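Report on the following structure.
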Amino acid sequence: MKQEVIKSLQMAFESLKTQWGIDSIPEVEVEIPRDEKMGDFATAAAMKLTKILKKPPRDIAHEIVSKLSEQSSGLFESIDIAGPGFINFRFNKDFFRNQLKALLKGDEALLSSDIGKGQKIQVEFVSANPTGPLHIGHGRGAAVGNALSNILEAAGYEVEREFYINDAGLQINLLGQSVYARYQQQLGNVIDFPEDGYKGEYIEAIAEVINEKYGNKYLDQTFDECGGPVTEFAYKMMLENIENDLKDFGVIFDRWQSEKDLHENGMVGKALDSLKDKGLLFEEGGASWFRSTEFGDDKDRVVKKKDGEFTYFASDISYHKNKLDRGFDGIIDIWGADHHGYMQRIRSVLEAFDLPKDKFRVILIQMVSLLRHGEPVQMSKRAGAFITLREVVEEVGPDITKFIFLTRKADSHLDFDIDVAKEQSAENPVFYVQYAFARISSIFRLAEENGLNSAGNLNNHDIDFSVLQEDEEISLIRKLLQYPMVFEGAAIACEPHRITYYLQELAGVFHSYYYKHRVISDDIQLSLARLSLCKGVKIILEQGLKLLGVSAPEKM
RNA sequence: GCGCCUGUAGCUCAGUUGGAUAGAGCAACUGACUUCUAAUCAGUAGGUCGGGGGUUCGAAUCCUCCCGGGCGCGCCA
């Protein structure tokens, strides 16, 4: 729909070029006006040209409009000049009706997009340490990462969803020690709990499972002796829990990349070697450093400590090198905002490995404050006092939880009040959207009973769309046709929340229409045309909800 | 001290990358169920876009300086 306007404007500019005495035509930008009454599309081109042409914007607008009317494509009902020099376009109704027909025939361009052109893109998200259950913040990352992946996929990218497992290093070791200590305690041994150990109940649970499975096998062993298998068991069980939590939240990953594997396969050393070959490593104070200042970082970063151990950053270098080696055209990392200080470092690494700047993108997910009755819930993983994602999902439900996460842009803080999410469930925006879908489904059930078979008839009969005359019907089609633009915008900006808002608007236009006009009536032709319109709404609602990972129920 | 995010209606948030009279939902108030689902609809009210200055035809949006909130600045992971 947007393309038609742009094309017309480009043609007009082309023929005005000589008259204006400019070499190339200006870039054409069109927007959807805030108020539907202004038109379907608007351009501020005349105002932007005023500086170059040294003429008042309204004069320029007049020249453009008269050129446009010479072209008279017949697409537009009206082209007006308004305000300081906006040009407003209004499509004629047949254009809308034809587009609706195209949507129902399954015109892909109205549902998806090919801006991705098959490029391979990797989206890494959640990537929580497997040392405890997922909390609500991880849930937000999961919801956004999942929706974004879906959107990019629909936009023609080949997407891989990946979870990076931090299964090497001190934290995992601490997990093992904590479980070991609980195991000993459960079997009656008096043993000190590690000072910084994980104190949550889940640690006890893991210890119990070890007890059930292996009995007192490790009872007489020190941690030095049995730390390996105990730690491995603990972390695998933890990882399994995480995977299940995500699955029950409706988020599935394509690939789980282990940090430990990178070490064991020598990838870390290799990655550093290739930096060395580029002359980007140096030795100082017995440690190895990456010259990240070369790429705009504040200071150079240690990759190998003086005790010979790799830093965490070294694994990340190797991990991102690994991503590049796997042939991705673009890399998107979704991190908690508390990791933002890490961004420039990774950016430097990827630049060192020759990835163009615009191919790497970090989406920071701001903190979630969990509230109950308006009071903040204190969260501390170490102390074990926190509410898990699972608890929230079980209490509030996955659809509401996801929808709330996706109704805000990622980089703003979010208050998640469990009681508000639950108590207002009847007024919750997610139901507003789902209800529109359920209502349409209900209409189709009735249509079925009345012999207006939805699927069959709507496809086989030559339905006369010209009976769709009501303003609300045209508004509804107009809204439907905005979907590809919204969707593309969401993909380009990596902002799933745009879809969430759009769906609410679409549902709103539909509810309003529903209240005012009856779909099924004695007039068969009209009924069929209106059913077709509803079908169109249903298709878009379903598609949008699918991208968000939210269910579309036939009944509510 | 430096860096990132943030401040928009009583509350929770959008604002199409600089455009027209700043928008939703909740809460408040008025109305609408004999109809394909009232989890809905129609309407009223609610604003110094944190504050000052600047850039220009035009600023919630860009620059700058203040004020407030969150987070981060290890040879930790």
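Naming works like this for the structure tokens: A, B, ... for the chains as they're shown, residue 1 at the start of each chain, ligands 1 onward in shown order.
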
Next item on the list: Write down, as a PyMOL selection string, each residue of chain B that has any atom within 9 Å of an atom of chain A, counting only C-alpha atoms (C1' of nucleotides).
Entry: chain B and resi 3-6+12-14+16+19-20+23-26+35-37+39-41+57+70-73+75-77

Note to self: Show me, as a VMD selection string, the residues that have an atom within 9 Å of stretch 476-478 of chain A when counting only C-alpha atoms (C1' of nucleotides), minus same-chain residues fewer than 3 positions from it.
What the structure shows: chain A and resid 40 96 to 97 99 to 100 471 to 473 481 to 482 506 509 to 510 513 533 536 to 537

Output C-alpha atoms for every residue in the selection just made, as a short mmCIF file (atom, residue, chain, number, x, y, z; two decimals), in the first residue's frame.
data_model
loop_
_atom_site.label_atom_id
_atom_site.label_comp_id
_atom_site.auth_asym_id
_atom_site.auth_seq_id
_atom_site.Cartn_x
_atom_site.Cartn_y
_atom_site.Cartn_z
CA ASP A 40 -4.33 7.24 4.41
CA PHE A 96 -8.90 -1.24 -0.49
CA ARG A 97 -11.38 -3.87 -1.55
CA GLN A 99 -6.20 -5.42 -1.47
CA LEU A 100 -8.49 -7.28 0.88
CA ASP A 471 -16.92 3.72 6.77
CA GLU A 472 -16.08 1.22 9.50
CA GLU A 473 -15.46 -1.44 6.87
CA LEU A 481 -3.25 -3.15 5.18
CA GLN A 482 -1.02 -1.29 7.59
CA LEU A 506 -6.65 -3.57 15.06
CA VAL A 509 -11.24 -1.15 15.16
CA PHE A 510 -12.78 -4.58 14.88
CA TYR A 513 -17.19 -2.45 13.83
CA LEU A 533 -13.54 -9.04 5.93
CA GLY A 536 -8.92 -10.95 6.85
CA VAL A 537 -8.89 -9.63 10.41
#

Notebook entry, point to check: Which of these residues is nearest to A:His517, using only C-alpha atoms: A:Asp354, A:Ala490, A:Gln469, A:Ile387?
Noted result: A:Gln469

Notebook entry, point to check: Could you pull out all residues of stretch 2-239 of chain A with a DSSP call of strand (DSSP E) and give them as a ChimeraX atom specification?
Noted result: /A:30-31,41-43,76-82,86-91,120-124,158-165

Next item on the list: Grab the atom C1' of B:A38 to atom CA of A:Glu554 distance for me, in Å with one decimal place.
Entry: 18.3 Å

Note to self: Let me make sure I understand: among B:C2, B:U34, B:G7, B:G46, which one has the smallest atom-to-atom distance to B:G68 if we use only C-alpha atoms (C1' of nucleotides)?
What the structure shows: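 Among the listed residues, B:G7 lies closest to B:G68.
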
Check: Between atom CA of A:Arg140 and atom CA of A:Thr401, what is the distance, to one decimal in Å?
Finding: 8.6 Å

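What separates atom CA of A:Ala552 from atom CA of A:Lys535 is a distance of 13.9 Å.
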
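In this comparison, which uses only C-alpha atoms, the residue of A:Leu110, A:His138, A:Asp462, A:Val5 approaching A:Glu29 most closely is A:Val5.
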
Note to self: Residues within 10 Å of A:Asn211, please, as number ranges by chain. Count only C-alpha atoms (C1' of nucleotides); anything in the same chain fewer than 6 positions from it doesn't count.
What the structure shows: A: 183-184, 186-187, 205, 217-219

Checklist line | Residues flagged helix (DSSP H, G or I) by DSSP in stretch 164-393 of chain A, as a ChimeraX atom specification | finding: /A:170-186,201-214,223-249,259-264,267-277,292-295,312-325,337-352,357-359,389-393

Checklist line | Test item: residues at most 10 Å from B:G18, only C-alpha atoms (C1' of nucleotides), excluding those fewer than 2 positions along its chain, as a PyMOL selection string | finding: chain B and resi 56+58-59+61-62

For the residues in that selection, give me all heavy atoms as a tab-separated table (two decimals), in the first residue's frame.
chain	number	residue	atom	x	y	z
B	56	U	P	19.30	27.69	12.99
B	56	U	OP1	20.05	27.98	11.74
B	56	U	OP2	18.63	28.79	13.74
B	56	U	O5'	18.23	26.56	12.73
B	56	U	C5'	18.35	25.61	11.69
B	56	U	C4'	17.01	25.38	11.03
B	56	U	O4'	16.11	24.84	12.04
B	56	U	C3'	16.36	26.69	10.54
B	56	U	O3'	15.55	26.46	9.41
B	56	U	C2'	15.51	27.10	11.72
B	56	U	O2'	14.46	27.95	11.41
B	56	U	C1'	15.03	25.73	12.22
B	56	U	N1	14.64	25.77	13.66
B	56	U	C2	13.76	24.82	14.14
B	56	U	O2	13.32	23.92	13.46
B	56	U	N3	13.41	24.99	15.46
B	56	U	C4	13.84	25.99	16.30
B	56	U	O4	13.44	26.02	17.46
B	56	U	C5	14.74	26.94	15.74
B	56	U	C6	15.11	26.79	14.46
B	58	G	P	11.19	27.96	13.01
B	58	G	OP1	10.76	28.87	14.08
B	58	G	OP2	12.62	27.69	12.79
B	58	G	O5'	10.42	26.56	13.21
B	58	G	C5'	9.03	26.60	13.58
B	58	G	C4'	8.57	25.20	13.81
B	58	G	O4'	8.41	24.51	12.53
B	58	G	C3'	9.52	24.27	14.58
B	58	G	O3'	9.71	24.64	15.94
B	58	G	C2'	8.89	22.91	14.23
B	58	G	O2'	7.63	22.73	14.81
B	58	G	C1'	8.68	23.12	12.72
B	58	G	N9	9.90	22.77	11.99
B	58	G	C8	10.91	23.60	11.56
B	58	G	N7	11.88	22.98	10.94
B	58	G	C5	11.50	21.64	10.97
B	58	G	C6	12.15	20.48	10.46
B	58	G	O6	13.23	20.42	9.85
B	58	G	N1	11.41	19.33	10.70
B	58	G	C2	10.21	19.28	11.36
B	58	G	N2	9.67	18.10	11.50
B	58	G	N3	9.59	20.36	11.84
B	58	G	C4	10.28	21.50	11.62
B	59	A	P	9.08	23.80	17.20
B	59	A	OP1	7.64	23.94	17.09
B	59	A	OP2	9.76	24.28	18.39
B	59	A	O5'	9.52	22.28	17.04
B	59	A	C5'	8.54	21.24	17.22
B	59	A	C4'	9.05	20.21	18.22
B	59	A	O4'	10.33	19.67	17.77
B	59	A	C3'	9.29	20.75	19.62
B	59	A	O3'	9.02	19.70	20.55
B	59	A	C2'	10.79	21.03	19.65
B	59	A	O2'	11.36	20.96	20.93
B	59	A	C1'	11.29	19.86	18.79
B	59	A	N9	12.59	20.11	18.15
B	59	A	C8	13.31	21.27	18.08
B	59	A	N7	14.45	21.16	17.43
B	59	A	C5	14.47	19.83	17.03
B	59	A	C6	15.40	19.09	16.31
B	59	A	N6	16.54	19.57	15.82
B	59	A	N1	15.13	17.78	16.11
B	59	A	C2	13.99	17.29	16.59
B	59	A	N3	13.03	17.89	17.28
B	59	A	C4	13.34	19.17	17.48
B	61	U	P	12.51	17.44	22.64
B	61	U	OP1	13.69	17.67	23.48
B	61	U	OP2	12.04	18.48	21.70
B	61	U	O5'	12.72	16.09	21.82
B	61	U	C5'	13.19	14.92	22.47
B	61	U	C4'	13.24	13.78	21.49
B	61	U	O4'	11.94	13.65	20.87
B	61	U	C3'	14.25	13.97	20.36
B	61	U	O3'	14.93	12.75	20.10
B	61	U	C2'	13.39	14.37	19.16
B	61	U	O2'	13.91	13.93	17.93
B	61	U	C1'	12.07	13.65	19.46
B	61	U	N1	10.91	14.33	18.89
B	61	U	C2	10.22	13.69	17.88
B	61	U	O2	10.52	12.59	17.45
B	61	U	N3	9.16	14.39	17.37
B	61	U	C4	8.72	15.64	17.75
B	61	U	O4	7.75	16.14	17.20
B	61	U	C5	9.50	16.24	18.80
B	61	U	C6	10.54	15.58	19.31
B	62	C	P	16.39	12.57	20.68
B	62	C	OP1	16.84	11.21	20.35
B	62	C	OP2	16.40	13.03	22.07
B	62	C	O5'	17.25	13.62	19.82
B	62	C	C5'	17.88	13.22	18.62
B	62	C	C4'	18.77	14.33	18.11
B	62	C	O4'	17.94	15.38	17.55
B	62	C	C3'	19.60	15.03	19.18
B	62	C	O3'	20.80	14.33	19.45
B	62	C	C2'	19.85	16.38	18.56
B	62	C	O2'	20.89	16.32	17.60
B	62	C	C1'	18.53	16.64	17.84
B	62	C	N1	17.57	17.43	18.64
B	62	C	C2	17.84	18.80	18.87
B	62	C	O2	18.87	19.29	18.41
B	62	C	N3	16.96	19.51	19.58
B	62	C	C4	15.86	18.95	20.06
B	62	C	N4	15.01	19.71	20.77
B	62	C	C5	15.56	17.57	19.85
B	62	C	C6	16.43	16.87	19.13

Checklist line | Shortest interatomic distance to B:C65 - which of B:G52, B:G47, B:G31, B:G15, counting only C-alpha atoms (C1' of nucleotides) | finding: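 Answer, going by the shortest atom-to-atom distance: B:G52.
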
Margin query: Set the distance at 12 Å and use only C-alpha atoms (C1' of nucleotides): which residues neighbour A:Leu68 once local chain neighbours fewer than 5 positions away are removed? I'd like the list as a list in words.
Written below: Val5, Ile6, Lys7, Ser8, Leu9, Gln10, Met11, Ala12, Phe13, Glu14, Ser15, Leu16, Ala61, His62, Glu63, Ser73, Gly74, Leu75, Phe76, Ser78, Ile79, Asp80, Ile87, Asn88 and Phe89 of chain A
